[in-house]
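J.: Below is data_39.tsv; it holds TSV, C-alpha atoms.
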```tsv
chain	number	residue	atom	x	y	z
A	1	MET	CA	-21.94	-3.37	-28.18
A	2	ASP	CA	-20.74	-6.08	-25.79
A	3	MET	CA	-23.21	-7.24	-23.21
A	4	PRO	CA	-22.10	-6.90	-19.60
A	5	TYR	CA	-20.15	-9.95	-18.46
A	6	ARG	CA	-22.76	-10.76	-15.81
A	7	ASP	CA	-25.50	-11.00	-18.47
A	8	LYS	CA	-23.29	-13.09	-20.76
A	9	TRP	CA	-22.81	-15.79	-18.09
A	10	GLN	CA	-26.35	-16.18	-16.72
A	11	ALA	CA	-26.59	-19.91	-17.55
A	12	GLU	CA	-23.19	-20.57	-15.93
A	13	ILE	CA	-24.15	-18.62	-12.79
A	14	ALA	CA	-27.37	-20.62	-12.52
A	15	GLU	CA	-25.58	-23.95	-13.03
A	16	LEU	CA	-22.85	-23.20	-10.46
A	17	ARG	CA	-25.49	-22.08	-7.95
A	18	ARG	CA	-27.27	-25.39	-8.51
A	19	VAL	CA	-24.02	-27.33	-7.94
A	20	LEU	CA	-23.16	-25.36	-4.79
A	21	ALA	CA	-26.69	-25.50	-3.34
A	22	SER	CA	-26.14	-28.96	-1.82
A	23	LEU	CA	-23.03	-27.86	0.09
A	24	PRO	CA	-23.02	-26.40	3.63
A	25	LEU	CA	-22.39	-22.85	2.44
A	26	LYS	CA	-24.26	-19.57	2.80
A	27	GLU	CA	-24.64	-17.47	-0.34
A	28	GLU	CA	-24.02	-13.78	0.26
A	29	ARG	CA	-23.46	-10.83	-2.06
A	30	LYS	CA	-19.96	-9.34	-1.74
A	31	TRP	CA	-18.23	-7.05	-4.22
A	32	GLY	CA	-21.45	-7.31	-6.23
A	33	LYS	CA	-20.92	-11.05	-6.81
A	34	PRO	CA	-22.39	-14.23	-5.31
A	35	THR	CA	-19.94	-15.22	-2.58
A	36	TYR	CA	-20.22	-18.43	-0.57
A	37	THR	CA	-19.19	-18.44	3.07
A	38	VAL	CA	-18.91	-20.82	6.00
A	39	ASP	CA	-19.10	-19.40	9.53
A	40	GLY	CA	-18.90	-15.91	8.00
A	41	LYS	CA	-15.60	-16.67	6.21
A	42	ASN	CA	-15.25	-16.43	2.41
A	43	VAL	CA	-14.78	-19.77	0.64
A	44	VAL	CA	-15.64	-19.24	-3.06
A	45	ILE	CA	-16.91	-16.46	-5.30
A	46	LEU	CA	-18.59	-16.56	-8.72
A	47	GLN	CA	-16.68	-14.28	-11.09
A	48	PRO	CA	-17.68	-13.38	-14.64
A	49	PHE	CA	-14.80	-12.43	-16.94
A	50	LYS	CA	-14.83	-11.52	-20.62
A	51	GLU	CA	-13.50	-14.85	-21.97
A	52	TYR	CA	-14.57	-17.25	-19.21
A	53	PHE	CA	-16.56	-17.66	-16.03
A	54	GLY	CA	-14.62	-18.35	-12.86
A	55	LEU	CA	-15.20	-20.02	-9.55
A	56	GLY	CA	-12.72	-18.23	-7.31
A	57	PHE	CA	-11.28	-20.01	-4.28
A	58	PHE	CA	-10.11	-17.55	-1.62
A	59	GLN	CA	-7.54	-20.01	-0.21
A	60	GLY	CA	-7.09	-22.00	-3.42
A	61	ALA	CA	-3.32	-22.19	-3.10
A	62	LEU	CA	-3.84	-24.50	-0.11
A	63	LEU	CA	-5.94	-27.02	-2.07
A	64	LYS	CA	-4.36	-30.21	-3.41
A	65	ASP	CA	-5.59	-29.49	-6.99
A	66	ARG	CA	-5.11	-33.11	-8.09
A	67	LYS	CA	-6.77	-32.46	-11.46
A	68	LYS	CA	-4.74	-29.27	-12.08
A	69	LEU	CA	-7.85	-27.14	-12.60
A	70	LEU	CA	-6.89	-24.11	-10.49
A	71	VAL	CA	-5.21	-21.10	-12.05
A	72	GLN	CA	-3.34	-18.29	-10.30
A	73	LEU	CA	-4.35	-14.89	-11.67
A	74	GLY	CA	-1.65	-12.25	-11.55
A	75	GLN	CA	0.41	-12.07	-8.39
A	76	VAL	CA	-2.35	-13.13	-6.00
A	77	GLN	CA	-0.80	-15.31	-3.31
A	78	ALA	CA	-3.69	-17.37	-1.90
A	79	GLY	CA	-6.55	-17.14	-4.39
A	80	ARG	CA	-7.04	-19.49	-7.32
A	81	VAL	CA	-9.70	-19.71	-10.03
A	82	MET	CA	-11.38	-22.63	-11.76
A	83	LYS	CA	-12.32	-21.48	-15.30
A	84	PHE	CA	-15.42	-22.46	-17.31
A	85	THR	CA	-16.73	-21.49	-20.72
A	86	SER	CA	-20.18	-23.12	-20.64
A	87	ALA	CA	-22.94	-24.34	-18.34
A	88	LYS	CA	-22.53	-27.77	-19.97
A	89	GLU	CA	-18.92	-27.89	-18.79
A	90	ILE	CA	-19.97	-26.97	-15.25
A	91	LYS	CA	-22.60	-29.71	-15.27
A	92	ALA	CA	-20.05	-32.27	-16.52
A	93	LYS	CA	-17.58	-31.30	-13.76
A	94	ALA	CA	-20.16	-30.97	-10.96
A	95	ALA	CA	-18.72	-33.82	-8.85
A	96	THR	CA	-15.17	-32.46	-9.19
A	97	ILE	CA	-16.33	-28.92	-8.33
A	98	LYS	CA	-18.03	-30.24	-5.18
A	99	THR	CA	-14.86	-32.14	-4.19
A	100	TYR	CA	-12.76	-28.97	-4.54
A	101	VAL	CA	-15.29	-26.84	-2.66
A	102	ARG	CA	-15.57	-29.40	0.17
A	103	GLU	CA	-11.78	-29.27	0.53
A	104	ALA	CA	-11.94	-25.44	0.51
A	105	ILE	CA	-14.56	-25.58	3.30
A	106	ALA	CA	-12.26	-27.86	5.33
A	107	VAL	CA	-9.33	-25.46	4.79
A	108	GLU	CA	-11.49	-22.56	5.98
A	109	LYS	CA	-12.82	-24.41	9.01
A	110	ALA	CA	-9.25	-25.35	9.96
A	111	GLY	CA	-8.30	-21.66	9.72
A	112	LEU	CA	-5.43	-22.38	7.33
A	113	ARG	CA	-3.82	-19.42	5.56
A	114	ILE	CA	-1.02	-18.78	3.10
A	115	GLU	CA	1.80	-16.94	4.82
A	116	PRO	CA	1.96	-13.66	2.88
A	117	LYS	CA	5.24	-12.94	1.18
A	118	LYS	CA	7.13	-10.04	2.68
A	119	THR	CA	8.71	-7.37	0.54
A	120	SER	CA	12.10	-8.71	1.63
A	121	ASP	CA	11.19	-12.02	-0.11
A	122	PHE	CA	11.21	-10.25	-3.48
A	123	PRO	CA	14.63	-9.69	-5.07
A	124	VAL	CA	15.65	-6.09	-5.74
A	125	PRO	CA	16.99	-5.89	-9.31
A	126	ASP	CA	20.52	-4.51	-9.68
A	127	GLU	CA	19.13	-1.70	-11.85
A	128	LEU	CA	16.91	-0.53	-8.98
A	129	THR	CA	19.77	-0.73	-6.47
A	130	GLU	CA	21.86	1.38	-8.85
A	131	ARG	CA	19.04	3.92	-9.28
A	132	PHE	CA	18.69	4.17	-5.48
A	133	ARG	CA	22.45	4.81	-5.22
A	134	LYS	CA	22.28	7.61	-7.79
A	135	ASP	CA	19.06	9.18	-6.45
A	136	PRO	CA	18.58	9.02	-2.64
A	137	ARG	CA	15.33	11.01	-3.00
A	138	PHE	CA	13.93	8.20	-5.20
A	139	LYS	CA	15.08	5.59	-2.66
A	140	ARG	CA	13.20	7.47	0.10
A	141	ALA	CA	10.07	7.71	-2.08
A	142	PHE	CA	10.19	3.96	-2.76
A	143	ALA	CA	10.73	3.19	0.94
A	144	ALA	CA	7.71	5.36	1.80
A	145	LEU	CA	5.40	3.15	-0.32
A	146	THR	CA	3.29	0.55	1.45
A	147	PRO	CA	4.80	-2.96	1.44
A	148	GLY	CA	2.17	-4.11	-1.06
A	149	ARG	CA	3.00	-1.29	-3.47
A	150	GLN	CA	6.71	-2.06	-3.13
A	151	ARG	CA	6.05	-5.74	-3.92
A	152	GLY	CA	4.00	-4.77	-6.98
A	153	TYR	CA	6.86	-2.72	-8.38
A	154	LEU	CA	9.52	-5.31	-7.51
A	155	TYR	CA	7.44	-8.01	-9.22
A	156	HIS	CA	7.01	-5.79	-12.29
A	157	PHE	CA	10.66	-4.76	-12.51
A	158	ALA	CA	12.00	-8.29	-11.98
A	159	GLY	CA	9.62	-9.64	-14.64
A	160	ALA	CA	11.75	-8.12	-17.40
A	161	LYS	CA	14.45	-10.42	-18.77
A	162	GLN	CA	16.72	-7.72	-20.20
A	163	PRO	CA	18.60	-5.25	-17.96
A	164	SER	CA	17.66	-2.45	-20.38
A	165	THR	CA	13.97	-3.32	-20.04
A	166	ARG	CA	14.25	-3.37	-16.23
A	167	ALA	CA	15.92	0.04	-16.31
A	168	ALA	CA	13.21	1.39	-18.65
A	169	ARG	CA	10.45	0.05	-16.38
A	170	ILE	CA	12.06	1.71	-13.36
A	171	GLU	CA	12.41	5.00	-15.24
A	172	LYS	CA	8.79	4.90	-16.38
A	173	ALA	CA	7.53	4.10	-12.85
A	174	MET	CA	9.44	6.88	-11.12
A	175	PRO	CA	6.75	9.60	-11.40
A	176	ALA	CA	4.09	7.30	-9.87
A	177	ILE	CA	6.48	6.23	-7.10
A	178	PHE	CA	7.23	9.86	-6.27
A	179	GLU	CA	3.44	10.41	-6.07
A	180	GLY	CA	3.09	7.41	-3.72
A	181	ARG	CA	0.98	5.42	-6.18
A	182	GLY	CA	1.15	1.66	-6.67
A	183	PHE	CA	2.03	0.00	-9.97
A	184	LEU	CA	-1.59	-0.58	-11.04
A	185	GLU	CA	-3.07	2.62	-9.57
A	186	ARG	CA	-4.40	5.28	-11.89
A	187	ARG	CA	-4.34	8.97	-11.13
```
As structure tokens - that is how I would like this structure written.

T.:
Amino acid sequence: MDMPYRDKWQAEIAELRRVLASLPLKEERKWGKPTYTVDGKNVVILQPFKEYFGLGFFQGALLKDRKKLLVQLGQVQAGRVMKFTSAKEIKAKAATIKTYVREAIAVEKAGLRIEPKKTSDFPVPDELTERFRKDPRFKRAFAALTPGRQRGYLYHFAGAKQPSTRAARIEKAMPAIFEGRGFLERR
């Protein structure tokens, strides 16, 4: 049986805590994970995953990322993650980690934010427009979704290269849309 991710990454958690200890951050526990804040605002979070351990930057998209170490997970707009697979790697990159975190602190203190994308910024695939034309009830159900749920579906539909795949994705999503659920929401 797999050990819980948190247990698997104990050495990495300890090493990152050691690296972050010298920085002007307060460690708090949020979402069950060590989260570092400045003036009560989230800066970074330690995140165990199955294949790697991540240092998540809440406003990572605003960092310069000169060494190209930050990764965007999914369709998150502002957050970015620095991935590690060993405590040795964290120790070797300690100076770089501190540089990135210092920049993240400066971004937070300056109050900088990514301007969230609006639903209107996401293209509506032709297949969805056609479905709306054929089924006004479906169009109303989609319009009744929250903007975030609409964006999730638009992102998912537009991600398909083939028109037939887009149409199939729309068809498959219809029951959840009629129920008011988002793309990733379970019953």

J.: For the point (-21.9, -22.2, -6.3) in the file's frame, write as JSON, numbers by chain all residues with an atom no more than 10 Å away, counting all atoms listed in the file.

T.: {"A": [12, 13, 14, 15, 16, 17, 18, 19, 20, 21, 22, 23, 25, 26, 27, 34, 35, 36, 44, 45, 46, 55, 97, 98, 101]}

J.: Create the file for the chosen residues now, containing C-alpha atoms and written as a compact mmCIF listing (two decimals), in the frame of the given file.

T.:
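Everything below was put into result-v7.txt:
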```txt
# COMPACT_ATOMS: atom_id res chain seq x y z
CA GLU A 12 -23.19 -20.57 -15.93
CA ILE A 13 -24.15 -18.62 -12.79
CA ALA A 14 -27.37 -20.62 -12.52
CA GLU A 15 -25.58 -23.95 -13.03
CA LEU A 16 -22.85 -23.20 -10.46
CA ARG A 17 -25.49 -22.08 -7.95
CA ARG A 18 -27.27 -25.39 -8.51
CA VAL A 19 -24.02 -27.33 -7.94
CA LEU A 20 -23.16 -25.36 -4.79
CA ALA A 21 -26.69 -25.50 -3.34
CA SER A 22 -26.14 -28.96 -1.82
CA LEU A 23 -23.03 -27.86 0.09
CA LEU A 25 -22.39 -22.85 2.44
CA LYS A 26 -24.26 -19.57 2.80
CA GLU A 27 -24.64 -17.47 -0.34
CA PRO A 34 -22.39 -14.23 -5.31
CA THR A 35 -19.94 -15.22 -2.58
CA TYR A 36 -20.22 -18.43 -0.57
CA VAL A 44 -15.64 -19.24 -3.06
CA ILE A 45 -16.91 -16.46 -5.30
CA LEU A 46 -18.59 -16.56 -8.72
CA LEU A 55 -15.20 -20.02 -9.55
CA ILE A 97 -16.33 -28.92 -8.33
CA LYS A 98 -18.03 -30.24 -5.18
CA VAL A 101 -15.29 -26.84 -2.66
```

J.: I'd like the neighbourhood of region 74-91 of chain A as a PyMOL selection string, where a residue qualifies if any of its atoms comes within 8 Å (using only C-alpha atoms), though same-chain residues fewer than 6 positions away should be ignored.

T.: chain A and resi 11-12+15-16+19+51-62+113-114+116-117

J.: Which of these, A:Ala94, A:Arg131, A:Ile105, A:Lys67, has the shortest distance to Pro24 (chain A) once you count only C-alpha atoms?

T.: A:Ile105

J.: What does the structure give for the distance between CA of Arg186 (chain A) and CA of Leu73 (chain A), in Å to one decimal?

T.: 20.2 Å

J.: Out of A:Thr37, A:Gly180, A:Ala167, A:Val107, which residue has the shortest atom-to-atom distance to Arg140 (chain A) when counting only C-alpha atoms?

T.: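 Among the listed residues, the smallest separation from Arg140 (chain A) belongs to A:Gly180.
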
J.: What's the separation between CA of Glu185 (chain A) and CA of Leu145 (chain A), in Å to one decimal place?

T.: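 So the two atoms, CA of Glu185 (chain A) and CA of Leu145 (chain A), lie 12.6 Å apart.
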
J.: With only C-alpha atoms as the basis for distance, which of A:Lys8, A:Pro147, A:Phe142, A:Gln162 is at the shortest distance from Pro175 (chain A)?

T.: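 Checking each candidate against Pro175 (chain A), we get A:Phe142 as the closest.
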
J.: Looking at all atoms listed in the file, which of A:Val38, A:Ala110, A:Phe138, A:Glu103 is the one that sits closest to Phe178 (chain A)?

T.: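 Closest to Phe178 (chain A) of all the choices is A:Phe138.
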
J.: Find the distance between CA of Gln10 (chain A) and CA of Gly32 (chain A) and write it in Å to one decimal.

T.: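 Rounded to one decimal, the two atoms are 14.6 Å apart.
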
J.: Using only C-alpha atoms, determine which residues lie at most 9 Å from Thr129 (chain A), disregarding the query and same-chain residues fewer than 5 positions distant; provide the list as a PDB file with C-alpha atoms, in the coordinates of the input.

T.:
```pdb
ATOM      1  CA  VAL A 124      15.650  -6.090  -5.740  1.00  0.00           C
ATOM      2  CA  LYS A 134      22.280   7.610  -7.790  1.00  0.00           C
ATOM      3  CA  LYS A 139      15.080   5.590  -2.660  1.00  0.00           C
TER       4      LYS A 139
END
```

J.: Nearest to Leu184 (chain A) among A:Lys161, A:Arg169, A:His156, A:Lys109, with distances taken over all atoms listed in the file: which residue is it?

T.: A:His156

J.: In terms of the shortest atom-to-atom distance over only C-alpha atoms, which of A:Leu112, A:Pro163, A:Ile170, A:Tyr155 is closest to Phe132 (chain A)?

T.: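 Of all the options, A:Ile170 lies closest to Phe132 (chain A).
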